[in-house]
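Written out below as structure tokens is the structure these notes cover.
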Amino acid sequence: MTPTLEPMRIDLHTHSATSDGTQSPTELVAAAAAAGLSVIALTDHDTTAGWAEAAAAAQAHGLSFIPGMEVSTKLDALGVHILSYLHDPNCPELQETISCARNSRVARAKKFVENLSRDFDISWEIVYRQVAPGATIGRPHIADALISQGIVRDRNQAFAEMLHRDSPYYVPYTVVSPADAIAQIKQAGGVPVVAHPLARARGHSLDEATLYDFIAAGLAGIEVDHRDHSPQDRDWLRAFAERNNLIITGSSDYHGRGKPNALGENLTHKDDFAELLHRAQPVPS
Ligand code: AMP
Ligand code: FE
Ligand code: FE
Ligand code: ZN
């Protein structure tokens, strides 16, 4: 019998409890192996703290591990997420950027909780209990605290009712611009890819001129296949990426139990993955 070659199943956007996912990096990689993935990137928000654990787990399961990160940035009032792959985690500029983002996230979460505590039985102590040691804090942890208090059913309800951008409890946080993050990722030898650029429902939608600005700053790829993109969004983004020689990725944006997104629900083509590896510039040690 001729052996059939298994197609590569490549998922380049996942979160562990090192940010707002619900599983440890080890559990996440085990779930990726069970889902039949061959390549997994860990892209926690503003941290690389999960890389070592995920890499060890991937080796144990025979999976390829791609170190990544999702950098929080802001363009005017619009939150923009820039995925970084294979960058040097010791590069000082990028390190400073994510360290500032994490600090600002803590101050913001405290203020957010103060606002919520006017109307709900919630405190910083209860929220802090939801955050794994050293993890990047975000609104999902506040959601988990509201769930633990029996105030909401799940994260989705917490976002719909209290945590969304137009909520009276909402507090912004301070981060760099997308162009600065893209330049810093390049400087660190990484590959910058804009995450879910047309996720309108979450207020992330970017226009064409903005995408050209990102290309001028060094953008290498676009996350095209993502559950927050309609078929029309995907067609438009795919054509835009092809016109501009950008890598096209498809990913789950898995958050464990925190979201319905399933590992491998969107995948990246092996040729785009090869191009992503090709564009990384390992920093000489
Ligand atoms: P923050 O990092 O504090 O700005 O919170 C944004 C994060 O919340 C995103 O990275 C998502 O993981 C998560 N999120 C946004 N909307 C929802 C939702 N409806 N249900 C669950 N998680 C969500
Ligand atoms: Fe998230
Ligand atoms: Fe994101
Ligand atoms: Zn994400």
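For the structure tokens, the naming scheme is as follows: chains receive sequential letters (A, B, ...) according to their order of presentation, residues are indexed from 1 within each chain, and ligands are indexed from 1 in presentation order.
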
Neighbour list for segment 12-17 of chain A as an NGL selection string, cut-off 8 Å, only C-alpha atoms, skip fewer than 4 positions in-chain: :A and (21-25 or 28 or 39-45 or 50 or 66 or 131-132 or 135 or 249-256 or 263 or 267-268)

The selected residues should be written to file as an mmCIF file, in the first residue's frame (atoms: N, CA and C atoms).
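Final output, result07.cif:
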data_model
loop_
_atom_site.group_PDB
_atom_site.id
_atom_site.type_symbol
_atom_site.label_atom_id
_atom_site.label_comp_id
_atom_site.auth_asym_id
_atom_site.auth_seq_id
_atom_site.Cartn_x
_atom_site.Cartn_y
_atom_site.Cartn_z
ATOM 1 N N GLY A 21 -6.221 32.706 27.831
ATOM 2 C CA GLY A 21 -6.737 31.364 27.582
ATOM 3 C C GLY A 21 -7.007 30.685 28.921
ATOM 4 N N THR A 22 -7.626 29.509 28.889
ATOM 5 C CA THR A 22 -7.956 28.858 30.164
ATOM 6 C C THR A 22 -7.081 27.646 30.465
ATOM 7 N N GLN A 23 -6.192 27.253 29.531
ATOM 8 C CA GLN A 23 -5.348 26.078 29.765
ATOM 9 C C GLN A 23 -3.883 26.482 29.894
ATOM 10 N N SER A 24 -3.139 25.700 30.663
ATOM 11 C CA SER A 24 -1.700 25.943 30.734
ATOM 12 C C SER A 24 -1.104 25.673 29.344
ATOM 13 N N PRO A 25 0.098 26.180 29.061
ATOM 14 C CA PRO A 25 0.723 25.869 27.772
ATOM 15 C C PRO A 25 0.809 24.359 27.520
ATOM 16 N N LEU A 28 -2.637 23.128 26.582
ATOM 17 C CA LEU A 28 -2.980 23.635 25.249
ATOM 18 C C LEU A 28 -2.323 22.783 24.164
ATOM 19 N N VAL A 39 1.399 21.769 13.482
ATOM 20 C CA VAL A 39 2.160 22.963 13.860
ATOM 21 C C VAL A 39 1.254 23.844 14.713
ATOM 22 N N ILE A 40 1.789 24.319 15.829
ATOM 23 C CA ILE A 40 1.012 25.244 16.665
ATOM 24 C C ILE A 40 1.878 26.419 17.081
ATOM 25 N N ALA A 41 1.308 27.624 16.967
ATOM 26 C CA ALA A 41 1.971 28.811 17.503
ATOM 27 C C ALA A 41 1.232 29.222 18.764
ATOM 28 N N LEU A 42 1.994 29.585 19.791
ATOM 29 C CA LEU A 42 1.409 30.172 21.000
ATOM 30 C C LEU A 42 1.540 31.683 20.866
ATOM 31 N N THR A 43 0.419 32.392 20.944
ATOM 32 C CA THR A 43 0.438 33.846 20.720
ATOM 33 C C THR A 43 -0.283 34.563 21.856
ATOM 34 N N ASP A 44 0.220 34.393 23.070
ATOM 35 C CA ASP A 44 -0.414 35.066 24.201
ATOM 36 C C ASP A 44 -0.269 36.588 24.059
ATOM 37 N N HIS A 45 -1.196 37.305 24.691
ATOM 38 C CA HIS A 45 -1.192 38.768 24.629
ATOM 39 C C HIS A 45 0.010 39.326 25.400
ATOM 40 N N GLY A 50 5.026 31.885 28.170
ATOM 41 C CA GLY A 50 4.601 30.492 27.992
ATOM 42 C C GLY A 50 5.437 29.703 27.008
ATOM 43 N N ILE A 66 5.813 27.024 17.131
ATOM 44 C CA ILE A 66 6.246 28.333 16.644
ATOM 45 C C ILE A 66 6.020 29.352 17.752
ATOM 46 N N VAL A 131 -6.239 35.147 37.692
ATOM 47 C CA VAL A 131 -5.086 35.357 36.812
ATOM 48 C C VAL A 131 -3.962 34.405 37.208
ATOM 49 N N ALA A 132 -3.471 33.597 36.275
ATOM 50 C CA ALA A 132 -2.350 32.694 36.565
ATOM 51 C C ALA A 132 -1.113 33.529 36.909
ATOM 52 N N ALA A 135 0.761 36.011 34.462
ATOM 53 C CA ALA A 135 0.023 36.127 33.199
ATOM 54 C C ALA A 135 -0.355 37.574 32.896
ATOM 55 N N THR A 249 -2.493 34.068 6.559
ATOM 56 C CA THR A 249 -2.625 33.042 7.595
ATOM 57 C C THR A 249 -4.096 32.760 7.885
ATOM 58 N N GLY A 250 -4.322 31.568 8.446
ATOM 59 C CA GLY A 250 -5.649 31.182 8.923
ATOM 60 C C GLY A 250 -5.446 30.530 10.268
ATOM 61 N N SER A 251 -6.246 30.902 11.261
ATOM 62 C CA SER A 251 -5.993 30.451 12.630
ATOM 63 C C SER A 251 -7.269 30.414 13.442
ATOM 64 N N SER A 252 -7.180 29.723 14.586
ATOM 65 C CA SER A 252 -8.379 29.571 15.413
ATOM 66 C C SER A 252 -8.579 30.715 16.404
ATOM 67 N N ASP A 253 -7.489 31.333 16.896
ATOM 68 C CA ASP A 253 -7.589 32.279 18.013
ATOM 69 C C ASP A 253 -8.230 31.571 19.216
ATOM 70 N N TYR A 254 -7.764 30.358 19.439
ATOM 71 C CA TYR A 254 -8.279 29.494 20.517
ATOM 72 C C TYR A 254 -7.983 30.091 21.885
ATOM 73 N N HIS A 255 -8.974 30.052 22.788
ATOM 74 C CA HIS A 255 -8.809 30.539 24.166
ATOM 75 C C HIS A 255 -9.264 29.486 25.179
ATOM 76 N N GLY A 256 -9.149 28.183 24.834
ATOM 77 C CA GLY A 256 -9.645 27.144 25.746
ATOM 78 C C GLY A 256 -11.154 27.284 25.924
ATOM 79 N N LEU A 263 -9.627 24.590 18.233
ATOM 80 C CA LEU A 263 -8.292 24.436 17.627
ATOM 81 C C LEU A 263 -8.427 23.895 16.208
ATOM 82 N N LEU A 267 -7.027 27.156 9.269
ATOM 83 C CA LEU A 267 -5.639 26.693 9.146
ATOM 84 C C LEU A 267 -4.857 27.562 8.175
ATOM 85 N N THR A 268 -3.526 27.495 8.295
ATOM 86 C CA THR A 268 -2.628 28.218 7.385
ATOM 87 C C THR A 268 -2.066 27.229 6.376
#

Would you give me, as an mmCIF file with N, CA and C atoms, in the first residue's frame, the residues in segment 33-173 of chain A that DSSP reads as strand (DSSP E)?
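Final file, out.cif:
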data_model
loop_
_atom_site.group_PDB
_atom_site.id
_atom_site.type_symbol
_atom_site.label_atom_id
_atom_site.label_comp_id
_atom_site.auth_asym_id
_atom_site.auth_seq_id
_atom_site.Cartn_x
_atom_site.Cartn_y
_atom_site.Cartn_z
ATOM 1 N N VAL A 39 1.399 21.769 13.482
ATOM 2 C CA VAL A 39 2.160 22.963 13.860
ATOM 3 C C VAL A 39 1.254 23.844 14.713
ATOM 4 N N ILE A 40 1.789 24.319 15.829
ATOM 5 C CA ILE A 40 1.012 25.244 16.665
ATOM 6 C C ILE A 40 1.878 26.419 17.081
ATOM 7 N N ALA A 41 1.308 27.624 16.967
ATOM 8 C CA ALA A 41 1.971 28.811 17.503
ATOM 9 C C ALA A 41 1.232 29.222 18.764
ATOM 10 N N LEU A 42 1.994 29.585 19.791
ATOM 11 C CA LEU A 42 1.409 30.172 21.000
ATOM 12 C C LEU A 42 1.540 31.683 20.866
ATOM 13 N N SER A 64 5.359 20.600 15.840
ATOM 14 C CA SER A 64 6.259 21.739 15.657
ATOM 15 C C SER A 64 5.679 22.930 16.406
ATOM 16 N N PHE A 65 6.549 23.603 17.142
ATOM 17 C CA PHE A 65 6.108 24.760 17.932
ATOM 18 C C PHE A 65 6.683 26.041 17.334
ATOM 19 N N ILE A 66 5.813 27.024 17.131
ATOM 20 C CA ILE A 66 6.246 28.333 16.644
ATOM 21 C C ILE A 66 6.020 29.352 17.752
ATOM 22 N N PRO A 67 7.096 29.963 18.263
ATOM 23 C CA PRO A 67 6.919 30.971 19.306
ATOM 24 C C PRO A 67 6.317 32.250 18.722
ATOM 25 N N GLY A 68 5.258 32.711 19.345
ATOM 26 C CA GLY A 68 4.598 33.926 18.864
ATOM 27 C C GLY A 68 4.069 34.752 20.018
ATOM 28 N N MET A 69 3.420 35.851 19.647
ATOM 29 C CA MET A 69 2.878 36.768 20.664
ATOM 30 C C MET A 69 1.869 37.660 19.940
ATOM 31 N N GLU A 70 0.842 38.118 20.659
ATOM 32 C CA GLU A 70 -0.118 39.063 20.071
ATOM 33 C C GLU A 70 0.083 40.395 20.782
ATOM 34 N N VAL A 71 0.606 41.365 20.073
ATOM 35 C CA VAL A 71 0.959 42.645 20.681
ATOM 36 C C VAL A 71 -0.255 43.575 20.641
ATOM 37 N N SER A 72 -0.602 44.131 21.804
ATOM 38 C CA SER A 72 -1.716 45.092 21.881
ATOM 39 C C SER A 72 -1.220 46.448 21.397
ATOM 40 N N THR A 73 -1.944 47.042 20.449
ATOM 41 C CA THR A 73 -1.586 48.374 19.965
ATOM 42 C C THR A 73 -2.872 49.173 19.801
ATOM 43 N N LYS A 74 -2.716 50.465 19.585
ATOM 44 C CA LYS A 74 -3.892 51.302 19.404
ATOM 45 C C LYS A 74 -3.646 52.319 18.301
ATOM 46 N N LEU A 75 -4.669 52.477 17.472
ATOM 47 C CA LEU A 75 -4.630 53.480 16.406
ATOM 48 C C LEU A 75 -5.793 54.417 16.673
ATOM 49 N N LEU A 78 -8.860 52.959 18.318
ATOM 50 C CA LEU A 78 -9.136 51.609 17.822
ATOM 51 C C LEU A 78 -8.052 50.614 18.270
ATOM 52 N N GLY A 79 -8.477 49.552 18.932
ATOM 53 C CA GLY A 79 -7.533 48.509 19.343
ATOM 54 C C GLY A 79 -7.132 47.679 18.128
ATOM 55 N N VAL A 80 -5.827 47.493 17.940
ATOM 56 C CA VAL A 80 -5.328 46.687 16.819
ATOM 57 C C VAL A 80 -4.369 45.650 17.390
ATOM 58 N N HIS A 81 -4.536 44.393 17.011
ATOM 59 C CA HIS A 81 -3.661 43.330 17.501
ATOM 60 C C HIS A 81 -2.676 42.932 16.410
ATOM 61 N N ILE A 82 -1.388 42.986 16.752
ATOM 62 C CA ILE A 82 -0.352 42.603 15.792
ATOM 63 C C ILE A 82 0.309 41.319 16.292
ATOM 64 N N LEU A 83 0.194 40.257 15.490
ATOM 65 C CA LEU A 83 0.849 38.998 15.825
ATOM 66 C C LEU A 83 2.321 39.084 15.454
ATOM 67 N N SER A 84 3.153 38.559 16.327
ATOM 68 C CA SER A 84 4.590 38.514 16.050
ATOM 69 C C SER A 84 5.022 37.059 16.109
ATOM 70 N N TYR A 85 5.765 36.629 15.108
ATOM 71 C CA TYR A 85 6.269 35.253 15.100
ATOM 72 C C TYR A 85 7.787 35.244 15.096
#

Selection as a list in words: residues within 6 Å of ligand 1 by only C-alpha atoms and all ligand atoms: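 The residues near ligand 1 are Gly138, Arg139, Pro140, Arg155, Asn156, Phe159, Gly258 and Lys259 of chain A.
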
Write the residues of the preceding selection, restricted to N, CA and C atoms, as a short mmCIF file (atom, residue, chain, number, x, y, z; two decimals), in the first residue's frame.
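Everything below was put into out13.cif:
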data_model
loop_
_atom_site.label_atom_id
_atom_site.label_comp_id
_atom_site.auth_asym_id
_atom_site.auth_seq_id
_atom_site.Cartn_x
_atom_site.Cartn_y
_atom_site.Cartn_z
N GLY A 138 -6.39 40.72 31.44
CA GLY A 138 -7.28 41.35 30.46
C GLY A 138 -8.71 41.27 30.94
N ARG A 139 -9.60 41.84 30.14
CA ARG A 139 -11.03 41.80 30.50
C ARG A 139 -11.55 40.38 30.74
N PRO A 140 -11.03 39.36 30.01
CA PRO A 140 -11.55 38.01 30.28
C PRO A 140 -11.40 37.57 31.73
N ARG A 155 -18.17 34.28 29.74
CA ARG A 155 -17.41 35.46 29.30
C ARG A 155 -18.19 36.27 28.28
N ASN A 156 -18.88 35.59 27.39
CA ASN A 156 -19.59 36.29 26.33
C ASN A 156 -20.64 37.23 26.92
N PHE A 159 -18.96 40.29 28.42
CA PHE A 159 -18.57 41.26 27.40
C PHE A 159 -19.78 42.00 26.87
N GLY A 258 -12.62 29.69 27.21
CA GLY A 258 -12.99 31.10 27.26
C GLY A 258 -13.77 31.59 26.06
N LYS A 259 -13.73 30.81 24.96
CA LYS A 259 -14.39 31.20 23.72
C LYS A 259 -14.78 29.93 22.98
#

Using only C-alpha atoms: which of A:Ala58, A:Ala209, A:Leu116, A:Leu63 has the shortest distance to Ile10 of chain A: A:Leu63

Between atom CA of Asn103 of chain A and atom CA of Ile151 of chain A - distance in Å to one decimal: 27.1 Å

Contacts of Pro92 of chain A within 12 Å, only C-alpha atoms, excl. fewer than 5 positions in-chain, as a list in words: His87, Thr97, Ile98, Ser99, Gln184, Ile185, Gln187 and Ala188 of chain A

Using only C-alpha atoms: which of A:Asp76, A:Asp88, A:Glu93, A:Asp154 has the shortest distance to Arg257 of chain A: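 Of all the options, A:Asp154 lies closest to Arg257 of chain A.
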
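From atom CA of Thr47 of chain A back to atom CA of Arg165 of chain A, the distance works out to 23.1 Å.
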
For Phe112 of chain A: contacts at 8 Å, only C-alpha atoms, fewer than 2 positions along chain excluded, given as a ChimeraX atom specification: /A:108-110,114-116,169-171

Per residue of segment 179-238 of chain A within 6 Å of segment 269-283 of chain A, record the nearest atom pair and its distance in Å to one decimal, counting only C-alpha atoms, with rows in chain order and ascending residue number, as a tab-separated table.
residue	atom	partner	partner_atom	distance
A:Gly189	CA	A:Gln281	CA	4.3
A:Gly190	CA	A:Ala280	CA	5.3
A:Val191	CA	A:Ala280	CA	5.6

Export of the given selection (all heavy atoms) as a PDB file, in the first residue's frame:
ATOM      1  N   GLY A 189      13.769  40.726  14.620  1.00  0.00           N
ATOM      2  CA  GLY A 189      13.914  39.574  13.729  1.00  0.00           C
ATOM      3  C   GLY A 189      12.630  38.784  13.511  1.00  0.00           C
ATOM      4  O   GLY A 189      12.654  37.701  12.925  1.00  0.00           O
ATOM      5  N   GLY A 190      11.508  39.318  13.994  1.00  0.00           N
ATOM      6  CA  GLY A 190      10.241  38.590  13.903  1.00  0.00           C
ATOM      7  C   GLY A 190       9.444  38.919  12.653  1.00  0.00           C
ATOM      8  O   GLY A 190       9.829  39.772  11.850  1.00  0.00           O
ATOM      9  N   VAL A 191       8.334  38.215  12.508  1.00  0.00           N
ATOM     10  CA  VAL A 191       7.458  38.377  11.346  1.00  0.00           C
ATOM     11  C   VAL A 191       6.130  38.964  11.831  1.00  0.00           C
ATOM     12  O   VAL A 191       5.375  38.278  12.540  1.00  0.00           O
ATOM     13  CB  VAL A 191       7.218  37.020  10.648  1.00  0.00           C
ATOM     14  CG1 VAL A 191       6.396  37.195   9.387  1.00  0.00           C
ATOM     15  CG2 VAL A 191       8.550  36.330  10.345  1.00  0.00           C
TER      16      VAL A 191
END

Backbone-only DSSP, alpha helix (DSSP H) members of segment 88-148 of chain A, as JSON, numbers by chain: {"A": [92, 93, 94, 95, 96, 97, 98, 99, 100, 101, 102, 103, 104, 105, 106, 107, 108, 109, 110, 111, 112, 113, 114, 115, 116, 117, 124, 125, 126, 127, 128, 139, 140, 141, 142, 143, 144, 145, 146, 147, 148]}

Option closest in space to ligand 4, from A:Ala195, A:Ile247, A:Ala160, A:Ile222 [counting only C-alpha atoms and all ligand atoms]: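 Using only C-alpha atoms and all ligand atoms, the shortest distance to ligand 4 belongs to A:Ala195.
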
Nearest candidate to ligand 2 (options A:Glu6, A:Asp144, A:Glu53, A:Asp20; using only C-alpha atoms and all ligand atoms): A:Asp20

Selection near Arg238 of chain A, 9 Å with only C-alpha atoms, sequence-local residues under 3 positions removed, as a list in words: Ile222, Val224, Asp225, Asp233, Arg234, Asp235, Ala241, Glu242, Arg243 and Ile248 of chain A
